[in-house]
There are 2 protein chains.
Amino acid sequence: MPGLPAHLIPAARGIVPSDAVYRNARLFNAFGCDWERSDLAVKDGIIVGIGTSYKGEHERDLDGAYIVPGLIDAHVHIESSLLTPQEYARLVALHGTTTVIADPHEIANVSGAAGIEFMLASRQEAQVDILYMLPSCVPATPMDVGGATLDASDLHQFIGKEGIIGLGEMMNVPGVLEGNAGVMEKLELTPIRDGHAPLLSGNDLNAYILAGLQSDHECTTEKEAEEKLRRGMYIFIREGSTEKNIESLIPLVTAANVSRCCFATDDCHADLLAREGHIDRCIRKAIACGCVPEHAIRMATLSAAERFGLSDRGAIAPGKRADFCIVDDLEAFVVRETIHGTTGLHNFSVAPPVAAIPPTFRCTTPTSDQIQITGAGWARVIGIVPDQILTESLRYEITSQEIPDVKRDILKIVICNRYHNKAPGVGLVHGFGLKYGAIASSVAHDAHNIVAVGTSDAEIISAIAAVIRAQGGMVAGQKGEETLLPLDCAGLMSTMTYPEVVQRLSQLHASTERMGGIRNPFMYLSFLSLTVIPALRITDRGIFDGAAFRDVPLFEE
Amino acid sequence: MPGLPAHLIPAARGIVPSDAVYRNARLFNAFGCDWERSDLAVKDGIIVGIGTSYKGEHERDLDGAYIVPGLIDAHVHIESSLLTPQEYARLVALHGTTTVIADPHEIANVSGAAGIEFMLASRQEAQVDILYMLPSCVPATPMDVGGATLDASDLHQFIGKEGIIGLGEMMNVPGVLEGNAGVMEKLELTPIRDGHAPLLSGNDLNAYILAGLQSDHECTTEKEAEEKLRRGMYIFIREGSTEKNIESLIPLVTAANVSRCCFATDDCHADLLAREGHIDRCIRKAIACGCVPEHAIRMATLSAAERFGLSDRGAIAPGKRADFCIVDDLEAFVVRETIHGTTGLHNFSVAPPVAAIPPTFRCTTPTSDQIQITGAGWARVIGIVPDQILTESLRYEITSQEIPDVKRDILKIVICNRYHNKAPGVGLVHGFGLKYGAIASSVAHDAHNIVAVGTSDAEIISAIAAVIRAQGGMVAGQKGEETLLPLDCAGLMSTMTYPEVVQRLSQLHASTERMGGIRNPFMYLSFLSLTVIPALRITDRGIFDGAAFRDVPLFEE
């Protein structure tokens, strides 16, 4: 329990001056979704009062600008930005964010408890408050072989540590439904537990909720979200780089249920964050899709704070952290300035870096023979669904000689285990649109093996080789020319500053565009190995049928 | 943290039968304030699922009746019912209540920690879940002398005990505003803290909230409640026997703020509970005053559960306690049946009694001389405000010989300290309407001395003598005829069953009606010594000015 700010009572009463008074602002009232024109007084990073009689050491006239509580991301994997937590914080703070609820699931899959420790160390002095949910599924499924296994006893050491607030998305839906003992032990660790249950419905959804899962960020249709909301789940409406659900789900939000809805970005590359924003982007998109602005802001602030029991934030009210942002136009919702707790009126500075987790790639580059496919018939092809994390399970009649089939956009996808030197998994994918070259990445959910897709075996192999050579990274290669973003922290994140990473990502994306690829191909690529989301996936063992939850051959039997 | 019901997963999935299935019901969706027609499955006192494919050992067709989550009283002093907690529970359970958040403030003022222990023991096997907030103000003010003093170290022993969930209404507003160390220590005890701040506004309200107080149940105007709501307080809209705020406050409630509003009964005599109901009465009154029925139900269920962090109740959803009630007509809102957790389909039985706290009246009956008043001029007269706990500070020009002045309804009021043999406090009150006789009671907030009001000194003395003789009770006496309700548990509660207490109370109220008195005179009488509520009060020292927070003489200087 955080100590109470009793020493600020005289400031709240107006007997002694505050540090800062923001005069003449439109203050958001999260408790009633409306506005109040008044002054806001802040001292020692705490909101001490609202009213027109406060005096401050510093005073500013906001001339009717909007003051909105600091924005909260209800669920994000910071690693997906490709930035370290400190650089991530520096970037999203510019967009009005003051709190992120992060699940260090990616680095935990690579580096286990040491990865979580790295993320915890990185939250110190970060420019937004980073709170972690413990990764519940390392590895993602019992079949996956990643860099670590974390069971309840491994996670237990983190309970009660500052910065740890709950258990992250429980993706092992079958494990929950069968009452798996190891899963149940994890659920018993903490009273705050995030769910992850794409398309789950009916009695099994009831069972999943009864087991203790309280939220879901995987809804893709209004019907799905409505059922989960009715059954008591908080709905985190997600808008990531390639997982875009606001347009479909925002019509569900009403004044009566807005307290149970939040925003989440889940997975966003740094370039998108820099270009389009973070939770401010979600608010803009929601408003553009017809959401009442005040509801969108409520979702991004108090609703998220309430969901995680963070009673010290989420609203402009006495005793809350002075986390807020200044906005000039409500519909445009461009954040002019972010104030985050004790930083008061000052600008953010660069936090001292935390020693990065070294990447460890113990694999060798696959040979041409190892990535051959043979045979003919109806092949299982992973179908990318634009703007969604779900994939389709497609069937195409092919002969192996036809692959890559650039015309029908059927490309070879290869996964090399990064932890062991073993033969790669090989499959087919539709939807990348690449006409030339190949791309490869060491970000491949959730085991984070090396994944590559391309228009020729040689270029696929070359791209994989480049990732191994860099000991982690993202590569776009065409005719011997390679664009590389090194990911020197666990093969997942770059230790460069965010402007540098944004620049490199922009170069990478320019390359893939020249190769004919869709937007954000690396984000789509990273999810194709994610076995906990329907329908068809690829692992280092080959094709995986998410519905049947088992490995399947490339060609139908 | 309560254990998770993993063993119920197969029942939730519908693989094994439930204990009970309620078919064809209209289920309240607290998360969106609407309804869903479906079946409800319950096992081991837990809601396992909603859906039409469940089978149960018992099945009932509700033919479209409404199922509403069990009702929650956000703030009540059970002692004010004059019933023991077990009998109170038995009575309110009939009205749809399944949880009450009680502050054992009255018995703590009389018996200290032993009183709290009694209340804790009495919650065992009670037919609603009684959760306690620790009384924060024993005695109510530093000037009051009651039966006990509880400082933070005395309260600390109760933290973490089952049934204790927070700190009850902090009435010492001046203590909070001056940052009094003892008050701050109490606020630091627990993260859940109820406020009590009638008429507090502006910067001082900001300071009070900043200090950690999160709710208020003392609002009497919409303006007051709106300001507190905006500043982050939960508003408990109160409807007691004589404290009636629903009509004034309910227009404030909207879909956007309903999650921050609850109902509280604070102080209700048993006869009112039996005749008019409990939280169901609040819902009916709210609807009659124009509240959307679904908003009223949300306030009485999920909003209260959320306010107190009770994630296991407040909604009809998987994993929640099977606490609900069946209602046939939404507007009429008469509870047909209450289901409370493990009681399932069965009826409630009588819980074994807990040994009562013996009353201790160490005073002797005052003499006629001791209750004389002398002098003439403009006298301070306590003015009763119908249906409110606030009083008015009236001025009447009188001579002492004119008192009692039945015509102008200016009666003598007397307070005898029950703990020490000392001279009584004497004052004047307007508003009781008594034409004959006198009434006396050992329920007199918060020190619970003996308070009496009457139309003759002899009858006042006689009524006080009867209370002392009974070692606690309520007495209505006229011309030597006395009607008595003995309060043998600490002089506050009766150990009789609730039907017996209701009957005795009805007799008492019939007597006071014959004497010309207003309705519920004992409830009004009990509050006239409550120094923490404006404006004028009476103590065993004499007249107390709540605004100036000091004793004042009867006649103006």
# chains A, B, ... in the order shown; residues from 1 in each chain; ligands from 1
>>> select_by_dssp(residues="range 429-461 of chain A", states="alpha helix (DSSP H)", output="list of chain:residue names")
A:Asp457, A:Ala458, A:Glu459, A:Ile460, A:Ile461
>>> residues_around(residues="Gln401 in chain B", least_positions_apart="6", cutoff="10 Å", atoms="only C-alpha atoms", output="number ranges by chain")
B: 372-376
>>> residues_around(residues="range 197-199 of chain B", least_positions_apart="4", cutoff="9 Å", atoms="only C-alpha atoms", output="tab-separated table (two decimals) with C-alpha atoms, in the first residue's frame")
chain	number	residue	atom	x	y	z
B	169	GLU	CA	-16.41	6.60	8.04
B	170	MET	CA	-13.78	9.13	9.08
B	171	MET	CA	-15.97	11.71	10.79
B	172	ASN	CA	-13.10	13.67	12.28
B	173	VAL	CA	-12.91	16.13	9.41
B	205	LEU	CA	-12.85	18.77	0.34
B	208	TYR	CA	-9.94	15.51	2.76
B	216	ASP	CA	-19.23	9.87	1.25
B	217	HIS	CA	-22.72	8.98	2.36
B	218	GLU	CA	-23.62	12.33	3.90
B	219	CYS	CA	-24.56	14.30	0.80
B	220	THR	CA	-27.91	16.00	1.03
B	221	THR	CA	-27.96	18.09	-2.13
B	224	GLU	CA	-22.78	18.60	-2.92
B	390	LEU	CA	-28.62	17.51	9.69
B	532	VAL	CA	-19.96	15.33	13.91
B	533	ILE	CA	-22.98	16.45	11.90
B	534	PRO	CA	-24.03	20.12	11.65
>>> select_by_dssp(residues="range 426-486 of chain A", states="strand (DSSP E)", output="PyMOL selection string")
chain A and resi 426-430+438-441+450-454+473-478+481-486
>>> interface_residues(of="chain A", to="chain B", cutoff="7 Å", atoms="only C-alpha atoms", output="PyMOL selection string")
chain A and resi 1+4-6+9+12-14+29+31-33+48-49+51+177+179+188+191+202-204+206-207+209-212+229-232+255-257+260+317-319
>>> write_last_selection(atoms="C-alpha atoms", output="PDB file, in the first residue's frame")
ATOM      1  CA  MET A   1       0.000   0.000   0.000  1.00  0.00           C
ATOM      2  CA  LEU A   4      -0.648   8.615   1.961  1.00  0.00           C
ATOM      3  CA  PRO A   5       0.458  12.143   1.059  1.00  0.00           C
ATOM      4  CA  ALA A   6      -0.474  13.650   4.423  1.00  0.00           C
ATOM      5  CA  ILE A   9      -2.801  18.464   3.050  1.00  0.00           C
ATOM      6  CA  ALA A  12      -4.547  20.924  -0.882  1.00  0.00           C
ATOM      7  CA  ARG A  13      -6.223  23.344   1.498  1.00  0.00           C
ATOM      8  CA  GLY A  14      -4.445  26.187  -0.283  1.00  0.00           C
ATOM      9  CA  ASN A  29     -14.017  14.243 -15.189  1.00  0.00           C
ATOM     10  CA  PHE A  31     -16.118   9.739 -13.031  1.00  0.00           C
ATOM     11  CA  GLY A  32     -18.916  11.233 -15.094  1.00  0.00           C
ATOM     12  CA  CYS A  33     -17.387  11.540 -18.575  1.00  0.00           C
ATOM     13  CA  VAL A  48      -3.507  18.409  -4.668  1.00  0.00           C
ATOM     14  CA  GLY A  49      -6.609  20.222  -5.780  1.00  0.00           C
ATOM     15  CA  GLY A  51     -10.314  25.106  -7.859  1.00  0.00           C
ATOM     16  CA  LEU A 177     -10.289 -26.030 -19.496  1.00  0.00           C
ATOM     17  CA  GLY A 179      -7.860 -27.880 -15.049  1.00  0.00           C
ATOM     18  CA  GLU A 188      -3.404 -18.901  -7.818  1.00  0.00           C
ATOM     19  CA  PRO A 191      -5.631 -11.925  -7.845  1.00  0.00           C
ATOM     20  CA  GLY A 202     -20.379 -20.561 -24.680  1.00  0.00           C
ATOM     21  CA  ASN A 203     -19.782 -22.961 -21.837  1.00  0.00           C
ATOM     22  CA  ASP A 204     -16.023 -23.102 -22.372  1.00  0.00           C
ATOM     23  CA  ASN A 206     -17.837 -19.627 -18.835  1.00  0.00           C
ATOM     24  CA  ALA A 207     -15.313 -22.177 -17.575  1.00  0.00           C
ATOM     25  CA  ILE A 209     -13.773 -17.052 -16.712  1.00  0.00           C
ATOM     26  CA  LEU A 210     -14.740 -19.137 -13.703  1.00  0.00           C
ATOM     27  CA  ALA A 211     -11.143 -20.326 -13.546  1.00  0.00           C
ATOM     28  CA  GLY A 212     -10.111 -16.752 -12.821  1.00  0.00           C
ATOM     29  CA  LEU A 229     -18.249  -8.378 -21.544  1.00  0.00           C
ATOM     30  CA  ARG A 230     -21.550  -9.875 -20.372  1.00  0.00           C
ATOM     31  CA  ARG A 231     -19.712 -12.711 -18.690  1.00  0.00           C
ATOM     32  CA  GLY A 232     -17.629 -10.266 -16.687  1.00  0.00           C
ATOM     33  CA  ALA A 255     -21.855   4.929 -21.360  1.00  0.00           C
ATOM     34  CA  ALA A 256     -23.112   1.923 -19.403  1.00  0.00           C
ATOM     35  CA  ASN A 257     -20.189  -0.389 -20.195  1.00  0.00           C
ATOM     36  CA  ARG A 260     -15.297  -2.200 -18.427  1.00  0.00           C
ATOM     37  CA  ALA A 317      -8.606  14.311  -8.754  1.00  0.00           C
ATOM     38  CA  PRO A 318      -6.988  15.146  -5.426  1.00  0.00           C
ATOM     39  CA  GLY A 319      -4.412  12.597  -4.281  1.00  0.00           C
TER      40      GLY A 319
END
>>> decode(residues="range 301-337 of chain B", atoms="N, CA and C atoms", output="mmCIF file, in the first residue's frame")
data_model
loop_
_atom_site.group_PDB
_atom_site.id
_atom_site.type_symbol
_atom_site.label_atom_id
_atom_site.label_comp_id
_atom_site.auth_asym_id
_atom_site.auth_seq_id
_atom_site.Cartn_x
_atom_site.Cartn_y
_atom_site.Cartn_z
ATOM 1 N N THR B 301 -25.524 -3.279 -6.700
ATOM 2 C CA THR B 301 -24.829 -4.551 -6.898
ATOM 3 C C THR B 301 -23.366 -4.315 -7.289
ATOM 4 N N LEU B 302 -23.104 -4.243 -8.584
ATOM 5 C CA LEU B 302 -21.709 -4.194 -9.046
ATOM 6 C C LEU B 302 -20.971 -2.947 -8.568
ATOM 7 N N SER B 303 -21.660 -1.810 -8.526
ATOM 8 C CA SER B 303 -20.969 -0.586 -8.112
ATOM 9 C C SER B 303 -20.454 -0.715 -6.686
ATOM 10 N N ALA B 304 -21.277 -1.274 -5.822
ATOM 11 C CA ALA B 304 -20.844 -1.458 -4.434
ATOM 12 C C ALA B 304 -19.727 -2.495 -4.349
ATOM 13 N N ALA B 305 -19.854 -3.570 -5.115
ATOM 14 C CA ALA B 305 -18.802 -4.601 -5.107
ATOM 15 C C ALA B 305 -17.478 -4.014 -5.583
ATOM 16 N N GLU B 306 -17.529 -3.233 -6.658
ATOM 17 C CA GLU B 306 -16.307 -2.624 -7.182
ATOM 18 C C GLU B 306 -15.703 -1.644 -6.175
ATOM 19 N N ARG B 307 -16.557 -0.856 -5.532
ATOM 20 C CA ARG B 307 -16.048 0.145 -4.598
ATOM 21 C C ARG B 307 -15.219 -0.534 -3.488
ATOM 22 N N PHE B 308 -15.669 -1.692 -3.049
ATOM 23 C CA PHE B 308 -14.965 -2.357 -1.953
ATOM 24 C C PHE B 308 -14.008 -3.453 -2.439
ATOM 25 N N GLY B 309 -13.778 -3.509 -3.753
ATOM 26 C CA GLY B 309 -12.834 -4.489 -4.285
ATOM 27 C C GLY B 309 -13.302 -5.927 -4.092
ATOM 28 N N LEU B 310 -14.624 -6.124 -4.034
ATOM 29 C CA LEU B 310 -15.167 -7.475 -3.837
ATOM 30 C C LEU B 310 -15.414 -8.097 -5.206
ATOM 31 N N SER B 311 -14.356 -8.681 -5.763
ATOM 32 C CA SER B 311 -14.442 -9.158 -7.142
ATOM 33 C C SER B 311 -15.232 -10.455 -7.253
ATOM 34 N N ASP B 312 -15.640 -11.014 -6.129
ATOM 35 C CA ASP B 312 -16.369 -12.292 -6.171
ATOM 36 C C ASP B 312 -17.878 -12.108 -6.178
ATOM 37 N N ARG B 313 -18.354 -10.893 -6.349
ATOM 38 C CA ARG B 313 -19.812 -10.691 -6.283
ATOM 39 C C ARG B 313 -20.222 -9.443 -7.053
ATOM 40 N N GLY B 314 -21.505 -9.182 -7.057
ATOM 41 C CA GLY B 314 -22.014 -7.957 -7.686
ATOM 42 C C GLY B 314 -22.538 -8.163 -9.090
ATOM 43 N N ALA B 315 -22.433 -9.380 -9.597
ATOM 44 C CA ALA B 315 -22.861 -9.617 -10.974
ATOM 45 C C ALA B 315 -23.266 -11.078 -11.143
ATOM 46 N N ILE B 316 -24.081 -11.305 -12.162
ATOM 47 C CA ILE B 316 -24.450 -12.662 -12.550
ATOM 48 C C ILE B 316 -23.432 -13.085 -13.601
ATOM 49 N N ALA B 317 -22.392 -13.772 -13.164
ATOM 50 C CA ALA B 317 -21.316 -14.124 -14.091
ATOM 51 C C ALA B 317 -20.558 -15.334 -13.547
ATOM 52 N N PRO B 318 -19.913 -16.083 -14.451
ATOM 53 C CA PRO B 318 -19.201 -17.287 -14.002
ATOM 54 C C PRO B 318 -18.159 -16.955 -12.936
ATOM 55 N N GLY B 319 -18.105 -17.794 -11.907
ATOM 56 C CA GLY B 319 -17.113 -17.626 -10.861
ATOM 57 C C GLY B 319 -17.555 -16.740 -9.717
ATOM 58 N N LYS B 320 -18.652 -16.004 -9.901
ATOM 59 C CA LYS B 320 -19.139 -15.160 -8.805
ATOM 60 C C LYS B 320 -19.938 -16.020 -7.822
ATOM 61 N N ARG B 321 -20.047 -15.538 -6.606
ATOM 62 C CA ARG B 321 -20.910 -16.189 -5.619
ATOM 63 C C ARG B 321 -22.333 -16.252 -6.157
ATOM 64 N N ALA B 322 -22.987 -17.332 -5.852
ATOM 65 C CA ALA B 322 -24.387 -17.463 -6.290
ATOM 66 C C ALA B 322 -25.273 -16.666 -5.346
ATOM 67 N N ASP B 323 -25.064 -15.369 -5.344
ATOM 68 C CA ASP B 323 -25.859 -14.432 -4.538
ATOM 69 C C ASP B 323 -26.795 -13.711 -5.488
ATOM 70 N N PHE B 324 -28.051 -14.015 -5.414
ATOM 71 C CA PHE B 324 -28.972 -13.301 -6.296
ATOM 72 C C PHE B 324 -30.394 -13.357 -5.770
ATOM 73 N N CYS B 325 -31.233 -12.562 -6.366
ATOM 74 C CA CYS B 325 -32.627 -12.592 -5.958
ATOM 75 C C CYS B 325 -33.529 -12.611 -7.179
ATOM 76 N N ILE B 326 -34.713 -13.105 -6.952
ATOM 77 C CA ILE B 326 -35.677 -13.286 -8.038
ATOM 78 C C ILE B 326 -36.782 -12.245 -7.865
ATOM 79 N N VAL B 327 -37.056 -11.549 -8.949
ATOM 80 C CA VAL B 327 -38.003 -10.437 -8.939
ATOM 81 C C VAL B 327 -38.969 -10.652 -10.104
ATOM 82 N N ASP B 328 -40.254 -10.443 -9.855
ATOM 83 C CA ASP B 328 -41.228 -10.710 -10.917
ATOM 84 C C ASP B 328 -41.531 -9.499 -11.781
ATOM 85 N N ASP B 329 -41.501 -8.342 -11.151
ATOM 86 C CA ASP B 329 -41.858 -7.125 -11.887
ATOM 87 C C ASP B 329 -40.781 -6.089 -11.621
ATOM 88 N N LEU B 330 -40.217 -5.561 -12.684
ATOM 89 C CA LEU B 330 -39.027 -4.723 -12.530
ATOM 90 C C LEU B 330 -39.352 -3.408 -11.836
ATOM 91 N N GLU B 331 -40.435 -2.767 -12.227
ATOM 92 C CA GLU B 331 -40.766 -1.464 -11.646
ATOM 93 C C GLU B 331 -41.209 -1.619 -10.187
ATOM 94 N N ALA B 332 -41.992 -2.653 -9.922
ATOM 95 C CA ALA B 332 -42.459 -2.865 -8.544
ATOM 96 C C ALA B 332 -41.311 -3.319 -7.655
ATOM 97 N N PHE B 333 -40.418 -4.083 -8.229
ATOM 98 C CA PHE B 333 -39.216 -4.582 -7.559
ATOM 99 C C PHE B 333 -39.474 -5.168 -6.168
ATOM 100 N N VAL B 334 -40.328 -6.162 -6.143
ATOM 101 C CA VAL B 334 -40.548 -6.921 -4.910
ATOM 102 C C VAL B 334 -39.758 -8.219 -5.021
ATOM 103 N N VAL B 335 -38.897 -8.478 -4.055
ATOM 104 C CA VAL B 335 -38.051 -9.670 -4.100
ATOM 105 C C VAL B 335 -38.873 -10.892 -3.702
ATOM 106 N N ARG B 336 -38.960 -11.827 -4.641
ATOM 107 C CA ARG B 336 -39.728 -13.035 -4.369
ATOM 108 C C ARG B 336 -38.893 -14.019 -3.546
ATOM 109 N N GLU B 337 -37.606 -14.086 -3.845
ATOM 110 C CA GLU B 337 -36.759 -15.088 -3.206
ATOM 111 C C GLU B 337 -35.306 -14.611 -3.260
#
